[in-house]
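Q: One file: structure.cif (mmCIF, C-alpha atoms and all ligand atoms).
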data_work
loop_
_atom_site.group_PDB
_atom_site.id
_atom_site.type_symbol
_atom_site.label_atom_id
_atom_site.label_comp_id
_atom_site.auth_asym_id
_atom_site.auth_seq_id
_atom_site.Cartn_x
_atom_site.Cartn_y
_atom_site.Cartn_z
ATOM 1 C CA MET A 280 156.231 -54.797 21.351
ATOM 2 C CA LYS A 281 153.294 -52.531 22.247
ATOM 3 C CA ILE A 282 152.895 -52.041 25.997
ATOM 4 C CA ASN A 283 149.912 -50.411 27.666
ATOM 5 C CA TRP A 284 148.613 -50.802 31.188
ATOM 6 C CA PHE A 285 146.037 -48.383 32.529
ATOM 7 C CA PRO A 286 143.417 -50.404 34.396
ATOM 8 C CA GLY A 287 140.358 -48.798 35.999
ATOM 9 C CA HIS A 288 141.896 -48.670 39.461
ATOM 10 C CA MET A 289 144.576 -46.284 38.163
ATOM 11 C CA ALA A 290 141.997 -43.902 36.707
ATOM 12 C CA LYS A 291 140.196 -44.051 40.048
ATOM 13 C CA ALA A 292 143.439 -43.420 41.947
ATOM 14 C CA LEU A 293 144.157 -40.358 39.815
ATOM 15 C CA ARG A 294 140.712 -38.956 40.616
ATOM 16 C CA MET A 295 141.385 -39.545 44.331
ATOM 17 C CA MET A 296 144.716 -37.714 44.058
ATOM 18 C CA GLN A 297 143.074 -34.795 42.306
ATOM 19 C CA GLU A 298 140.573 -34.573 45.157
ATOM 20 C CA GLU A 299 143.153 -34.950 47.959
ATOM 21 C CA VAL A 300 145.738 -32.595 46.501
ATOM 22 C CA LYS A 301 143.600 -29.671 47.694
ATOM 23 C CA ASN A 302 144.646 -30.580 51.236
ATOM 24 C CA VAL A 303 148.390 -30.801 50.676
ATOM 25 C CA SER A 304 151.055 -28.153 50.394
ATOM 26 C CA THR A 305 153.880 -30.190 48.867
ATOM 27 C CA ILE A 306 154.391 -33.065 46.445
ATOM 28 C CA ILE A 307 156.939 -35.824 47.041
ATOM 29 C CA TYR A 308 157.607 -37.196 43.573
ATOM 30 C CA VAL A 309 159.330 -40.581 43.752
ATOM 31 C CA LEU A 310 161.385 -41.543 40.699
ATOM 32 C CA ASP A 311 163.263 -44.792 40.182
ATOM 33 C CA SER A 312 166.878 -43.724 39.643
ATOM 34 C CA ARG A 313 167.335 -46.417 37.014
ATOM 35 C CA ALA A 314 164.990 -44.532 34.654
ATOM 36 C CA PRO A 315 164.014 -41.175 36.207
ATOM 37 C CA PHE A 316 162.555 -39.624 33.082
ATOM 38 C CA SER A 317 160.469 -42.679 32.216
ATOM 39 C CA CYS A 318 158.923 -42.321 35.690
ATOM 40 C CA ILE A 319 157.606 -38.838 34.888
ATOM 41 C CA ASN A 320 153.872 -39.347 34.472
ATOM 42 C CA PRO A 321 152.146 -36.682 32.316
ATOM 43 C CA SER A 322 148.873 -37.443 34.122
ATOM 44 C CA PHE A 323 150.383 -36.081 37.342
ATOM 45 C CA LEU A 324 150.748 -32.592 35.846
ATOM 46 C CA LYS A 325 147.119 -31.774 36.566
ATOM 47 C CA VAL A 326 147.380 -33.168 40.089
ATOM 48 C CA ILE A 327 150.547 -31.235 40.930
ATOM 49 C CA GLY A 328 149.472 -27.861 39.532
ATOM 50 C CA ASN A 329 151.999 -25.329 40.821
ATOM 51 C CA LYS A 330 152.747 -26.939 44.196
ATOM 52 C CA PRO A 331 156.384 -27.215 45.224
ATOM 53 C CA ILE A 332 157.934 -30.600 44.512
ATOM 54 C CA VAL A 333 160.495 -32.692 46.356
ATOM 55 C CA TYR A 334 161.850 -35.043 43.693
ATOM 56 C CA VAL A 335 163.238 -38.219 45.212
ATOM 57 C CA LEU A 336 165.711 -40.111 43.048
ATOM 58 C CA ASN A 337 165.046 -43.369 44.852
ATOM 59 C CA LYS A 338 166.856 -46.726 44.555
ATOM 60 C CA CYS A 339 170.096 -44.739 44.265
ATOM 61 C CA ASP A 340 171.927 -47.894 45.351
ATOM 62 C CA MET A 341 171.151 -49.432 41.939
ATOM 63 C CA VAL A 342 172.859 -46.861 39.705
ATOM 64 C CA ASN A 343 176.207 -45.185 39.210
ATOM 65 C CA SER A 344 176.384 -42.356 41.740
ATOM 66 C CA ASP A 345 178.318 -39.906 39.542
ATOM 67 C CA GLU A 346 175.746 -40.208 36.776
ATOM 68 C CA LEU A 347 172.942 -39.781 39.292
ATOM 69 C CA LYS A 348 174.533 -36.621 40.686
ATOM 70 C CA MET A 349 174.380 -35.122 37.193
ATOM 71 C CA TRP A 350 170.652 -35.904 37.054
ATOM 72 C CA GLN A 351 170.173 -34.368 40.486
ATOM 73 C CA LYS A 352 171.923 -31.192 39.380
ATOM 74 C CA GLU A 353 169.972 -30.965 36.136
ATOM 75 C CA ILE A 354 166.542 -31.492 37.741
ATOM 76 C CA ALA A 355 167.369 -28.994 40.501
ATOM 77 C CA LYS A 356 167.503 -26.246 37.841
ATOM 78 C CA LYS A 357 163.687 -26.424 37.737
ATOM 79 C CA ASP A 358 161.661 -23.878 39.720
ATOM 80 C CA ASN A 359 160.220 -24.451 43.149
ATOM 81 C CA CYS A 360 161.735 -27.853 43.823
ATOM 82 C CA LYS A 361 164.322 -29.826 45.767
ATOM 83 C CA VAL A 362 165.977 -32.969 44.467
ATOM 84 C CA LEU A 363 167.094 -35.709 46.828
ATOM 85 C CA VAL A 364 169.046 -38.880 46.135
ATOM 86 C CA MET A 365 167.835 -41.736 48.301
ATOM 87 C CA ASN A 366 167.792 -45.387 49.227
ATOM 88 C CA ALA A 367 164.406 -45.652 50.921
ATOM 89 C CA THR A 368 165.262 -49.033 52.428
ATOM 90 C CA GLU A 369 167.960 -47.423 54.579
ATOM 91 C CA SER A 370 166.620 -46.446 57.969
ATOM 92 C CA GLY A 371 166.562 -42.700 58.573
ATOM 93 C CA ALA A 372 167.236 -41.933 54.910
ATOM 94 C CA SER A 373 164.039 -39.941 54.611
ATOM 95 C CA LYS A 374 164.965 -37.371 57.300
ATOM 96 C CA LYS A 375 166.176 -35.141 54.497
ATOM 97 C CA ILE A 376 162.669 -35.099 53.034
ATOM 98 C CA GLU A 377 161.335 -33.445 56.154
ATOM 99 C CA LEU A 378 164.084 -30.853 55.902
ATOM 100 C CA ALA A 379 163.440 -30.263 52.207
ATOM 101 C CA ILE A 380 159.707 -29.769 52.805
ATOM 102 C CA LYS A 381 160.383 -27.353 55.638
ATOM 103 C CA ASP A 382 162.778 -25.481 53.400
ATOM 104 C CA LEU A 383 160.246 -25.191 50.587
ATOM 105 C CA MET A 384 157.489 -24.168 53.018
ATOM 106 C CA GLN A 385 159.550 -21.874 55.246
ATOM 107 C CA GLU A 386 157.667 -18.699 54.337
ATOM 108 C CA ARG A 387 154.323 -20.215 55.176
ATOM 109 C CA ILE A 388 155.663 -21.755 58.401
ATOM 110 C CA ASP A 389 157.000 -18.339 59.462
ATOM 111 C CA ARG A 390 153.646 -16.693 58.732
ATOM 112 C CA TYR A 391 151.862 -19.209 60.939
ATOM 113 C CA LEU A 392 154.423 -18.896 63.714
ATOM 114 C CA GLU A 393 154.077 -15.094 63.682
ATOM 115 C CA LYS A 394 150.394 -15.535 64.371
ATOM 116 C CA GLY A 395 151.174 -18.076 67.056
ATOM 117 C CA ALA A 396 149.221 -20.693 65.110
ATOM 118 C CA LYS A 397 150.143 -24.352 64.847
ATOM 119 C CA ILE A 398 150.793 -25.804 61.438
ATOM 120 C CA THR A 399 150.641 -29.356 60.149
ATOM 121 C CA LEU A 400 152.258 -29.758 56.772
ATOM 122 C CA LYS A 401 150.686 -32.247 54.430
ATOM 123 C CA ALA A 402 152.448 -33.822 51.499
ATOM 124 C CA MET A 403 151.345 -36.256 48.820
ATOM 125 C CA ILE A 404 153.648 -38.998 47.583
ATOM 126 C CA LEU A 405 153.345 -39.605 43.850
ATOM 127 C CA GLY A 406 155.086 -42.030 41.539
ATOM 128 C CA VAL A 407 154.723 -44.851 39.073
ATOM 129 C CA PRO A 408 154.141 -48.360 40.488
ATOM 130 C CA ASN A 409 157.099 -49.994 42.253
ATOM 131 C CA SER A 410 159.189 -46.795 42.514
ATOM 132 C CA GLY A 411 159.333 -47.173 46.304
ATOM 133 C CA LYS A 412 156.563 -44.845 47.511
ATOM 134 C CA SER A 413 155.308 -47.072 50.319
ATOM 135 C CA THR A 414 158.847 -47.935 51.431
ATOM 136 C CA LEU A 415 159.538 -44.217 51.628
ATOM 137 C CA ALA A 416 156.326 -43.566 53.583
ATOM 138 C CA ASN A 417 157.354 -46.235 56.076
ATOM 139 C CA ASN A 418 160.835 -44.806 56.281
ATOM 140 C CA LEU A 419 159.363 -41.392 57.090
ATOM 141 C CA ASN A 420 157.115 -42.864 59.731
ATOM 142 C CA GLY A 421 159.780 -45.148 61.197
ATOM 143 C CA LYS A 422 157.372 -48.086 61.200
ATOM 144 C CA ALA A 423 156.024 -50.418 58.525
ATOM 145 C CA LYS A 424 152.564 -48.881 58.137
ATOM 146 C CA ALA A 425 152.207 -48.961 54.373
ATOM 147 C CA ILE A 426 152.293 -52.290 52.584
ATOM 148 C CA THR A 427 155.193 -52.673 50.146
ATOM 149 C CA GLY A 428 156.188 -55.268 47.542
ATOM 150 C CA ASP A 429 158.670 -55.837 44.731
ATOM 151 C CA ARG A 430 156.068 -55.637 41.996
ATOM 152 C CA ALA A 431 153.539 -53.216 40.544
ATOM 153 C CA GLY A 432 150.122 -52.743 42.131
ATOM 154 C CA VAL A 433 150.760 -53.442 45.828
ATOM 155 C CA THR A 434 149.243 -50.224 47.217
ATOM 156 C CA LYS A 435 145.553 -50.307 46.411
ATOM 157 C CA SER A 436 144.167 -47.243 48.206
ATOM 158 C CA LYS A 437 145.260 -44.013 49.842
ATOM 159 C CA GLN A 438 147.043 -44.143 53.189
ATOM 160 C CA TRP A 439 147.720 -41.061 55.367
ATOM 161 C CA ILE A 440 150.830 -41.530 57.471
ATOM 162 C CA LYS A 441 151.963 -39.351 60.361
ATOM 163 C CA VAL A 442 155.560 -38.195 60.410
ATOM 164 C CA GLY A 443 156.513 -36.600 63.714
ATOM 165 C CA LYS A 444 154.327 -33.778 65.048
ATOM 166 C CA TYR A 445 154.122 -31.460 62.084
ATOM 167 C CA LEU A 446 154.010 -33.553 58.952
ATOM 168 C CA GLU A 447 151.544 -35.988 57.423
ATOM 169 C CA VAL A 448 152.138 -37.747 54.142
ATOM 170 C CA LEU A 449 149.685 -39.470 51.855
ATOM 171 C CA ASP A 450 150.897 -42.677 50.220
ATOM 172 C CA THR A 451 149.078 -43.271 46.929
ATOM 173 C CA PRO A 452 148.749 -46.180 44.514
ATOM 174 C CA GLY A 453 151.249 -46.057 41.661
ATOM 175 C CA THR A 454 149.714 -44.877 38.429
ATOM 176 C CA LEU A 455 150.726 -44.871 34.795
ATOM 177 C CA TRP A 456 148.955 -43.067 31.982
ATOM 178 C CA PRO A 457 146.508 -44.146 29.282
ATOM 179 C CA ASN A 458 148.717 -44.166 26.208
ATOM 180 C CA LEU A 459 152.359 -45.049 26.611
ATOM 181 C CA GLU A 460 153.123 -43.611 23.177
ATOM 182 C CA ASN A 461 156.854 -43.593 23.678
ATOM 183 C CA ASN A 462 157.903 -47.181 23.342
ATOM 184 C CA GLU A 463 161.292 -46.591 24.934
ATOM 185 C CA THR A 464 159.605 -45.190 28.030
ATOM 186 C CA ALA A 465 157.186 -48.125 28.119
ATOM 187 C CA LEU A 466 160.050 -50.602 27.884
ATOM 188 C CA ASN A 467 162.025 -48.851 30.625
ATOM 189 C CA LEU A 468 158.975 -48.915 32.885
ATOM 190 C CA ALA A 469 158.632 -52.630 32.194
ATOM 191 C CA PHE A 470 162.330 -53.297 32.941
ATOM 192 C CA ILE A 471 162.121 -51.531 36.309
ATOM 193 C CA GLY A 472 158.996 -53.447 37.325
ATOM 194 C CA SER A 473 156.412 -50.662 37.000
ATOM 195 C CA ILE A 474 154.188 -52.651 34.689
ATOM 196 C CA LYS A 475 152.329 -55.700 35.893
ATOM 197 C CA GLU A 476 154.176 -58.775 34.609
ATOM 198 C CA GLU A 477 151.002 -60.493 33.493
ATOM 199 C CA VAL A 478 150.463 -57.952 30.711
ATOM 200 C CA LEU A 479 153.982 -58.346 29.329
ATOM 201 C CA ASP A 480 155.532 -60.808 26.914
ATOM 202 C CA LYS A 481 158.626 -61.677 28.928
ATOM 203 C CA ASN A 482 160.544 -63.046 25.974
ATOM 204 C CA ASP A 483 160.036 -59.921 23.875
ATOM 205 C CA LEU A 484 160.919 -57.830 26.889
ATOM 206 C CA ALA A 485 164.157 -59.723 27.559
ATOM 207 C CA LEU A 486 165.123 -59.343 23.924
ATOM 208 C CA ALA A 487 164.513 -55.586 24.155
ATOM 209 C CA LEU A 488 166.559 -55.415 27.369
ATOM 210 C CA VAL A 489 169.512 -57.249 25.843
ATOM 211 C CA ASP A 490 169.280 -55.012 22.782
ATOM 212 C CA LYS A 491 169.330 -51.942 25.031
ATOM 213 C CA LEU A 492 172.243 -53.210 27.116
ATOM 214 C CA ILE A 493 174.343 -54.044 24.043
ATOM 215 C CA LYS A 494 174.071 -50.373 23.061
ATOM 216 C CA LEU A 495 174.193 -48.805 26.525
ATOM 217 C CA ASP A 496 176.652 -50.950 28.461
ATOM 218 C CA SER A 497 177.737 -54.149 26.730
ATOM 219 C CA GLU A 498 180.391 -54.682 29.389
ATOM 220 C CA SER A 499 177.652 -55.333 31.927
ATOM 221 C CA LEU A 500 176.656 -58.385 29.868
ATOM 222 C CA THR A 501 180.190 -59.723 29.467
ATOM 223 C CA ALA A 502 180.964 -59.100 33.123
ATOM 224 C CA ARG A 503 177.961 -61.169 34.153
ATOM 225 C CA TYR A 504 177.845 -63.888 31.461
ATOM 226 C CA GLY A 505 181.241 -63.924 29.692
ATOM 227 C CA GLU A 506 181.914 -63.352 25.968
ATOM 228 C CA VAL A 507 178.287 -63.514 24.872
ATOM 229 C CA ILE A 508 177.801 -60.468 22.658
ATOM 230 C CA GLY A 509 176.641 -61.600 19.214
ATOM 231 C CA GLU A 510 175.640 -59.838 16.010
ATOM 232 C CA THR A 511 172.090 -59.379 17.282
ATOM 233 C CA ALA A 512 170.236 -59.345 20.584
ATOM 234 C CA LEU A 513 168.784 -62.756 19.766
ATOM 235 C CA GLU A 514 172.207 -64.234 19.121
ATOM 236 C CA THR A 515 173.388 -62.736 22.400
ATOM 237 C CA LEU A 516 170.459 -64.328 24.238
ATOM 238 C CA ASP A 517 171.359 -67.659 22.587
ATOM 239 C CA ASN A 518 174.912 -67.277 23.820
ATOM 240 C CA ILE A 519 173.764 -66.502 27.352
ATOM 241 C CA ALA A 520 171.533 -69.590 27.267
ATOM 242 C CA ASN A 521 174.479 -71.678 26.103
ATOM 243 C CA VAL A 522 176.732 -70.374 28.861
ATOM 244 C CA LYS A 523 174.039 -71.094 31.458
ATOM 245 C CA ALA A 524 173.155 -74.451 29.821
ATOM 246 C CA PHE A 525 169.471 -73.468 29.642
ATOM 247 C CA LYS A 526 168.339 -76.187 27.211
ATOM 248 C CA LEU A 527 165.151 -78.088 26.598
ATOM 249 C CA LYS A 528 165.170 -81.894 26.424
ATOM 250 C CA GLY A 529 165.905 -82.125 22.687
ATOM 251 C CA GLY A 530 168.786 -79.651 23.042
ATOM 252 C CA ASP A 531 166.892 -76.546 21.868
ATOM 253 C CA ILE A 532 167.379 -73.311 23.765
ATOM 254 C CA ASP A 533 165.013 -72.800 26.692
ATOM 255 C CA TYR A 534 163.999 -69.233 25.837
ATOM 256 C CA ASP A 535 161.463 -68.889 28.649
ATOM 257 C CA ARG A 536 164.177 -69.690 31.161
ATOM 258 C CA VAL A 537 166.945 -67.522 29.759
ATOM 259 C CA CYS A 538 164.594 -64.570 29.253
ATOM 260 C CA ALA A 539 163.239 -64.761 32.795
ATOM 261 C CA PHE A 540 166.798 -65.097 34.065
ATOM 262 C CA VAL A 541 168.096 -61.973 32.304
ATOM 263 C CA LEU A 542 165.064 -59.894 33.332
ATOM 264 C CA ASN A 543 165.489 -61.006 36.908
ATOM 265 C CA ASP A 544 169.207 -60.189 36.853
ATOM 266 C CA TYR A 545 168.349 -56.634 35.809
ATOM 267 C CA LYS A 546 165.606 -56.354 38.416
ATOM 268 C CA LYS A 547 167.989 -57.497 41.147
ATOM 269 C CA GLY A 548 170.678 -55.019 40.060
ATOM 270 C CA LYS A 549 173.084 -57.665 38.781
ATOM 271 C CA LEU A 550 173.480 -56.079 35.351
ATOM 272 C CA THR A 551 174.141 -52.453 34.473
ATOM 273 C CA THR A 552 174.300 -49.548 36.916
ATOM 274 C CA LYS A 553 173.921 -47.071 34.038
ATOM 275 C CA ILE A 554 170.771 -44.951 33.896
ATOM 276 C CA LEU A 555 168.437 -46.093 31.105
ATOM 277 C CA ASP A 556 167.186 -42.613 30.166
ATOM 278 C CA LYS A 557 169.209 -39.893 28.511
ATOM 279 C CA LEU A 558 170.122 -36.884 30.658
ATOM 280 C CA GLU A 559 168.847 -34.410 28.056
ATOM 281 C CA CYS A 560 165.323 -35.718 28.766
ATOM 282 C CA VAL A 561 165.295 -33.560 31.916
ATOM 283 C CA LYS A 562 164.464 -30.634 29.628
ATOM 284 C CA CYS A 563 161.252 -32.402 28.568
ATOM 285 C CA PHE A 564 159.403 -32.254 31.877
HETATM 286 N N1 LIG A 601 167.308 -51.430 46.228
HETATM 287 C C1 LIG A 601 166.293 -50.654 46.620
HETATM 288 N N2 LIG A 601 165.052 -51.183 46.697
HETATM 289 C C2 LIG A 601 164.048 -50.370 47.073
HETATM 290 C C3 LIG A 601 164.255 -49.007 47.424
HETATM 291 N N3 LIG A 601 163.059 -48.456 47.750
HETATM 292 C C4 LIG A 601 162.146 -49.440 47.612
HETATM 293 N N4 LIG A 601 162.733 -50.593 47.218
HETATM 294 C C5 LIG A 601 162.074 -51.886 46.925
HETATM 295 O O1 LIG A 601 161.237 -51.680 45.785
HETATM 296 C C6 LIG A 601 160.069 -52.481 45.866
HETATM 297 C C7 LIG A 601 158.826 -51.613 45.683
HETATM 298 O O2 LIG A 601 158.650 -50.794 46.810
HETATM 299 P P1 LIG A 601 157.237 -50.191 47.227
HETATM 300 O O3 LIG A 601 157.505 -49.242 48.341
HETATM 301 O O4 LIG A 601 156.201 -51.243 47.438
HETATM 302 O O5 LIG A 601 156.884 -49.392 45.889
HETATM 303 P P2 LIG A 601 155.547 -48.589 45.524
HETATM 304 O O6 LIG A 601 154.797 -49.465 44.583
HETATM 305 O O7 LIG A 601 156.021 -47.352 44.829
HETATM 306 O O8 LIG A 601 154.811 -48.286 46.783
HETATM 307 C C8 LIG A 601 160.139 -53.183 47.244
HETATM 308 O O9 LIG A 601 160.659 -54.495 47.028
HETATM 309 C C9 LIG A 601 161.130 -52.333 48.012
HETATM 310 O O10 LIG A 601 161.817 -53.071 48.993
HETATM 311 C C10 LIG A 601 165.600 -48.481 47.348
HETATM 312 O O11 LIG A 601 165.888 -47.297 47.583
HETATM 313 N N5 LIG A 601 166.554 -49.357 46.948
HETATM 314 MG MG MG A 602 152.931 -48.733 47.311
#
Now, as a test, write the supplied structure out as structure tokens.

A:
Amino acid sequence: MKINWFPGHMAKALRMMQEEVKNVSTIIYVLDSRAPFSCINPSFLKVIGNKPIVYVLNKCDMVNSDELKMWQKEIAKKDNCKVLVMNATESGASKKIELAIKDLMQERIDRYLEKGAKITLKAMILGVPNSGKSTLANNLNGKAKAITGDRAGVTKSKQWIKVGKYLEVLDTPGTLWPNLENNETALNLAFIGSIKEEVLDKNDLALALVDKLIKLDSESLTARYGEVIGETALETLDNIANVKAFKLKGGDIDYDRVCAFVLNDYKKGKLTTKILDKLECVKCF
């Protein structure tokens, strides 16, 4: 299955970010913990330049915490960055972002203080669609200022949000990149809800998800559906449909229903808690 989704509003959003980044000192890079590497957008490289980055491994509640700690440790080996593990829906969770930004900017803050000048730190939140950027912005602000939603494409324009006296953050629309050459990355982005559903073939996607889970964590399938693992992903889907009694009138398998069901189970965190990307990918960004 070939997946690509780079509509005009994303190109426009990237241009806006490139313009606005001149005004910010730090980047808050939100990654979905279920597939952190797949969330690394090569188009952001130009936006980020050499600014310090606070990586946020968000949605930490959806993955195995020991595995996530290894990712945190590995990413933290990069220069000029902090790596935080977070559940942005938990109130107060984002306090550590303020601390991390202050830490990264301490030298500059000290310089300003020496001169007796006031400083407002500005940070830009970046991430692929649905990674939790707006939820995080609201968490930082303490109020629901930015609109959020459980699908791609909810934030349409830039939103500056005040955080306490000294920090302002810019929420941005989630963006992907023009050619998702790596099909595994594209699939992972689709599984985690970063790609608009309307451009996806749900049945192909469910088949790819089952195929991935058989290899990555087959126990997650048996734990949820019983002894369903077959010779192939398709046979496994058939078995799941049989267990759930998802049949059409004549007795044929209702593929639309079983595929939507499995995709939704993954989306809601009812299947694996394993991270979809391989840890060695950290070396590639
Ligand atoms: N389980 C879980 N859900 C989250 C977390 N952060 C955000 N979400 C949910 O993910 C969906 C997308 O969030 P949103 O902030 O709109 O993402 P954005 O597109 O990056 O701005 C919403 O349904 C949020 O409630 C988190 O840490 N854990
Ligand atoms: Mg948003």

Q: Report as a Markdown table: every residue of stretch 349-424 of chain A with an atom at most 10 Å from stretch 459-468 of chain A, its closest pair of atoms, and their distance in Å to one decimal, counting all atoms listed in the file, with rows sorted by chain and ascending residue number.

A:
| residue | atom | partner | partner_atom | distance |
| --- | --- | --- | --- | --- |
| A:Val407 | CA | A:Leu468 | CA | 8.5 |
| A:Pro408 | CA | A:Leu468 | CA | 9.0 |
| A:Asn409 | CA | A:Leu468 | CA | 9.6 |
| A:Ser410 | CA | A:Leu468 | CA | 9.9 |

Q: From (169.8, -43.2, 47.3), in the file's coordinates, out to 8 Å: which residues are reached, counting all atoms listed in the file? Answer as a list of chain:residue names.

A: A:Leu336, A:Asn337, A:Lys338, A:Cys339, A:Asp340, A:Leu363, A:Val364, A:Met365, A:Asn366, A:Ala367

Q: Env of stretch 320-327 of chain A: 12 Å cut, atoms = only C-alpha atoms, seq-sep filter 5 positions within chain, self excluded. Answer as a ChimeraX atom specification.

A: /A:285,289-290,292-310,315,332-333,402-408,453-461,464-465,468,473,563-564

Q: For A:Met349, which residue out of A:Ile493, A:Arg536, A:Gln385, A:Leu558 is the nearest one, using all atoms listed in the file?

A: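 Between A:Ile493, A:Arg536, A:Gln385, A:Leu558, the residue approaching A:Met349 most closely is A:Leu558.
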
Q: Dump as a tab-separated table the rows for residues of chain A within 12 Å of ligand MG 602 (chain A): closest atom pair and distance in Å with one decimal, all atoms listed in the file counted, ordered by chain and rising residue number.

A:
residue	atom	partner	partner_atom	distance
A:Val309	CA	A:MG602	MG	11.0
A:Ile404	CA	A:MG602	MG	9.8
A:Leu405	CA	A:MG602	MG	9.8
A:Gly406	CA	A:MG602	MG	9.1
A:Val407	CA	A:MG602	MG	9.3
A:Pro408	CA	A:MG602	MG	6.9
A:Asn409	CA	A:MG602	MG	6.7
A:Ser410	CA	A:MG602	MG	8.1
A:Gly411	CA	A:MG602	MG	6.7
A:Lys412	CA	A:MG602	MG	5.3
A:Ser413	CA	A:MG602	MG	4.2
A:Thr414	CA	A:MG602	MG	7.3
A:Leu415	CA	A:MG602	MG	9.1
A:Ala416	CA	A:MG602	MG	8.8
A:Asn417	CA	A:MG602	MG	10.1
A:Ala423	CA	A:MG602	MG	11.8
A:Lys424	CA	A:MG602	MG	10.8
A:Ala425	CA	A:MG602	MG	7.1
A:Ile426	CA	A:MG602	MG	6.4
A:Thr427	CA	A:MG602	MG	5.4
A:Gly428	CA	A:MG602	MG	7.3
A:Asp429	CA	A:MG602	MG	9.5
A:Arg430	CA	A:MG602	MG	9.3
A:Ala431	CA	A:MG602	MG	8.1
A:Gly432	CA	A:MG602	MG	7.1
A:Val433	CA	A:MG602	MG	5.4
A:Thr434	CA	A:MG602	MG	4.0
A:Lys435	CA	A:MG602	MG	7.6
A:Ser436	CA	A:MG602	MG	8.9
A:Lys437	CA	A:MG602	MG	9.4
A:Gln438	CA	A:MG602	MG	9.5
A:Leu449	CA	A:MG602	MG	10.8
A:Asp450	CA	A:MG602	MG	7.0
A:Thr451	CA	A:MG602	MG	6.7
A:Pro452	CA	A:MG602	MG	5.6
A:Gly453	CA	A:MG602	MG	6.5
A:Thr454	CA	A:MG602	MG	10.2
A:Ser473	CA	A:MG602	MG	11.1

Q: Give the padded box for ligand LIG 601 (chain A) as lines of an AutoDock Vina configuration file: axis-aligned, covering all atoms listed in the file, 5 Å on each side, centre and edge lengths in Å to one decimal.

A:
center_x = 161.1
center_y = -50.9
center_z = 46.8
size_x = 22.5
size_y = 17.2
size_z = 14.4

Q: To one decimal place in Å, what is the distance between atom CA of A:Lys356 and atom CA of A:Ala372?

A: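 Atom CA of A:Lys356 sits 23.2 Å away from atom CA of A:Ala372.
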
Q: Evaluate the PyMOL selection byres (((chain A and resi 400) around 9) and not hetatm) on the structure here and hand back the selected residues as a VMD selection string.

A: chain A and resid 303 to 305 380 to 381 384 388 398 to 399 401 to 402 445 to 448

Q: Quick one: of A:Met341, A:Val478, A:Gln351, A:Lys330, who's nearest to A:Leu383, counting all atoms listed in the file?

A: A:Lys330

Q: Because some atoms of stretch 475-487 of chain A are absent here, can you restore N, CA and C atoms and send them as a PDB file, in the coordinates of the input?

A:
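Generated file (result-v8.pdb):
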ATOM      1  N   LYS A 475     152.697 -54.369  35.415  1.00  0.00           N
ATOM      2  CA  LYS A 475     152.329 -55.700  35.893  1.00  0.00           C
ATOM      3  C   LYS A 475     152.835 -56.774  34.926  1.00  0.00           C
ATOM      4  N   GLU A 476     153.522 -57.761  35.459  1.00  0.00           N
ATOM      5  CA  GLU A 476     154.176 -58.775  34.609  1.00  0.00           C
ATOM      6  C   GLU A 476     153.193 -59.526  33.718  1.00  0.00           C
ATOM      7  N   GLU A 477     151.990 -59.699  34.231  1.00  0.00           N
ATOM      8  CA  GLU A 477     151.002 -60.493  33.493  1.00  0.00           C
ATOM      9  C   GLU A 477     150.637 -59.873  32.138  1.00  0.00           C
ATOM     10  N   VAL A 478     150.837 -58.557  31.991  1.00  0.00           N
ATOM     11  CA  VAL A 478     150.463 -57.952  30.711  1.00  0.00           C
ATOM     12  C   VAL A 478     151.655 -57.877  29.745  1.00  0.00           C
ATOM     13  N   LEU A 479     152.782 -58.453  30.154  1.00  0.00           N
ATOM     14  CA  LEU A 479     153.982 -58.346  29.329  1.00  0.00           C
ATOM     15  C   LEU A 479     154.355 -59.678  28.696  1.00  0.00           C
ATOM     16  N   ASP A 480     154.935 -59.615  27.506  1.00  0.00           N
ATOM     17  CA  ASP A 480     155.532 -60.808  26.914  1.00  0.00           C
ATOM     18  C   ASP A 480     156.990 -60.805  27.367  1.00  0.00           C
ATOM     19  N   LYS A 481     157.299 -61.694  28.300  1.00  0.00           N
ATOM     20  CA  LYS A 481     158.626 -61.677  28.928  1.00  0.00           C
ATOM     21  C   LYS A 481     159.757 -61.919  27.930  1.00  0.00           C
ATOM     22  N   ASN A 482     159.480 -62.741  26.925  1.00  0.00           N
ATOM     23  CA  ASN A 482     160.544 -63.046  25.974  1.00  0.00           C
ATOM     24  C   ASN A 482     160.867 -61.834  25.094  1.00  0.00           C
ATOM     25  N   ASP A 483     159.818 -61.151  24.646  1.00  0.00           N
ATOM     26  CA  ASP A 483     160.036 -59.921  23.875  1.00  0.00           C
ATOM     27  C   ASP A 483     160.759 -58.882  24.730  1.00  0.00           C
ATOM     28  N   LEU A 484     160.346 -58.823  25.985  1.00  0.00           N
ATOM     29  CA  LEU A 484     160.919 -57.830  26.889  1.00  0.00           C
ATOM     30  C   LEU A 484     162.412 -58.098  27.129  1.00  0.00           C
ATOM     31  N   ALA A 485     162.752 -59.363  27.328  1.00  0.00           N
ATOM     32  CA  ALA A 485     164.157 -59.723  27.559  1.00  0.00           C
ATOM     33  C   ALA A 485     164.996 -59.391  26.328  1.00  0.00           C
ATOM     34  N   LEU A 486     164.421 -59.645  25.166  1.00  0.00           N
ATOM     35  CA  LEU A 486     165.123 -59.343  23.924  1.00  0.00           C
ATOM     36  C   LEU A 486     165.387 -57.831  23.831  1.00  0.00           C
ATOM     37  N   ALA A 487     164.368 -57.050  24.185  1.00  0.00           N
ATOM     38  CA  ALA A 487     164.513 -55.586  24.155  1.00  0.00           C
ATOM     39  C   ALA A 487     165.552 -55.129  25.180  1.00  0.00           C
TER      40      ALA A 487
END
